[in-house]
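Take a look at the structure set out below.
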Amino acid sequence: MPSRRTHVTDSVAQSELAVALARLRAELDVPESFPPEVLAEAASMRAADPGTDLGELEFVTIDPPGSTDLDQALCIARRASGFLVHYAIADVPGWVLPDGAVDLEARRRGQTLYAADGRVPLHPVVLSEDRVSLLPDAERTAFVWVFELDERGEVTSTGLVRANVRSREQLSYDEAQARIDAGDGDSSLALVREVGLLRIELERARGGASLNSPVEEIVRTADGGYSLERRRPLPVEDWNAQLSLMTGMEAAKLMLAAGVGVLRTMPKPSAERITTFREQTRALGLPWTETISYGEYLRGLDRDDPAALAVMQAASGLFRGAGYLAVDGEFPPDPIQSALAAPYAHVTAPLRRLVDRWGLAICEAICGKREVPVWARASLPELPSLMGASSQRAGRLEAESIARVEAALLSSRAGERFSATVLEVRGERAWLQIAEPAVTATCPAPADVHAGTSLEVELIAADIATGTIEFRVVAGAAA
């Protein structure tokens, strides 16, 4: 599926949409700005020198174009029997005073929010987009993970140190992909692909499924309006993500062994959910057989096939209930993130996610054979509820913003007919994927409709203020 952008072109709809998005931010209590005391403290902070210098390592960053809050930088070298990976993470613990104004405001926010009308950062930009961000050609302190990997990509040793680093280059995903495709020798970029593919094979072998799925994003246009973009992530995004996943899994191992930390968890799907999903895949003409794993099945789907999109929509029902588990003592048995089929912790995005600051501080203390910082240990119990509330707000903001943009795209087209594919039937409602423009909506479900059914539907109304879109099935249009 190539990148596709659908614009809201009607000026009246654009105006209504701007008002609706502003109201949504107010309803969700999205912060508008940082209090003066937070900004003052952020401007005055200085990080202590870690005493370790890794400035000779040629780190690079790979991020979306235009990013300035750079959490991660990588440097990979080939060894005689594997690889040496240095993975630098922004030193947020070194710049945020425990229980200070910046810390308390970050706990209130929980994570960076991505609203349609602007990003709402977790930390003041003087930190997140300047002094702490791993920008190119700038001396920075960082938490540097050091991994030795064998020829299969398995981690054979793990270390974590706080050190001075300097990124050499900032690349967008497109730039990194182009360089890799052109052949970049034995550089870190070339090895991102090699290590990423090895890690994907290991994930497949253990039954995990982190997927390079199509993404939907709201994009601001040059005239200040809005458009909706759907694109398939590039392969380099998946390879790069595997380094982050590897780091999170190794962090979880450290925490489990030490009996202290905070893990990202997701329960295994019930037998009933698995049975239901298998039935849905059969109805869609893409049956998931008993002979292959869940992850292998989903990786083999053609993302350009509407039926495959319906399968992926149904698959989201398998893994629900993600949360955080904070422990200081003894972890319960088998605390896995079931989609990854392994224990996992968030430790690679501290500029944008609150919990990662605790994970880094705890793991660095464990690797250094020191006591976990008092501030991290004392506040561990708060993290699951703080992150839960933040994730709920972020999810609502994203979903309801997209719904309002989709309504704006259709607001002037009442009475028109559209081709649609049924993604899922829930009770008396059918969830639809409209072919063009590519929006999702619901309608009353006829008795003979199931996931994968092709329909012709008529737009009754699209309300920008609430993001609701109402269709009806055209009689006799089910195929």
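If you're wondering about the labels, chains in the structure tokens are A, B, ... by order shown, residues count from 1 in each chain, ligands from 1 in order shown.
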Next item on the list: Per DSSP on the backbone, filter region 150-216 of chain A down to the residues in strand (DSSP E) and report them as a list in words.
Entry: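 Of region 150-216 of chain A, the ones in strand (DSSP E) are Asp150, Val155, Thr156, Ser157, Thr158, Gly159, Leu160, Val161, Arg162, Ala163, Asn164, Val165, Arg166, Ser167, Arg168, Glu169, Gln170, Leu171, Ser172, Val215 and Glu216 of chain A.
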Notebook entry, point to check: Excluding same-chain residues fewer than 6 positions from Ile464 (chain A), what lies within 8 Å of it counting only C-alpha atoms, as a ChimeraX atom specification?
Noted result: /A:13,16-17,20,404-405,407-408,411
Notebook entry, point to check: Could you name the residues that touch Asp186 (chain A) at 9 Å or less, counting only C-alpha atoms, but leaving out those on the same chain fewer than 4 positions away, as a PyMOL selection string?
Noted result: chain A and resi 77-78+190-191
Check: Using only C-alpha atoms, which of the listed residues (A:Ile362, A:Leu245, A:Leu74, A:Ala257) sits closest to Leu340 (chain A)?
Finding: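 Closest residue, counting only C-alpha atoms: A:Leu245.
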Checklist line | For region 428-433 of chain A: contacts at 9 Å, only C-alpha atoms, fewer than 6 positions along chain excluded, given as a list in words | finding: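 So the residues in contact are Pro306, Leu309, Ala310, Ser419, Ala420, Thr421, Val422, Val439, Thr440, Ala441, Thr442, Cys443, Pro444, Ala445, Pro446, Ala447, Val449, His450, Ala451 and Leu455 of chain A.
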Note to self: Measuring between only C-alpha atoms, which one of A:Cys367, A:Ala403, A:Leu104, A:Val327 shows the shortest distance to Leu380 (chain A)?
What the structure shows: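 Looking only at the distances to Leu380 (chain A), the closest residue turns out to be A:Val327.
CA of Glu424 (chain A) is positioned 22.3 Å from CA of Glu290 (chain A).
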Checklist line | Shell around region 130-146 of chain A at 6 Å using only C-alpha atoms, local window under 5 positions removed, as a PyMOL selection string | finding: chain A and resi 69-70+85-91+158-170
Next item on the list: Could you give me, as number ranges by chain, the residues within 9 Å of Arg220 (chain A), counting only C-alpha atoms and dropping anything in the same chain fewer than 3 positions from it?
Entry: A: 116-118, 223-228
Using only C-alpha atoms, what table do you get, as a tab-separated table, when you list each residue of region 241-284 of chain A with an atom no more than 12 Å from region 60-64 of chain A, its nearest pair of atoms, and their distance in Å rounded to one decimal, rows by chain then rising number?
```
residue	atom	partner	partner_atom	distance
A:Ala241	CA	A:Ile62	CA	10.2
A:Leu243	CA	A:Ile62	CA	11.7
A:Ser244	CA	A:Ile62	CA	12.0
```
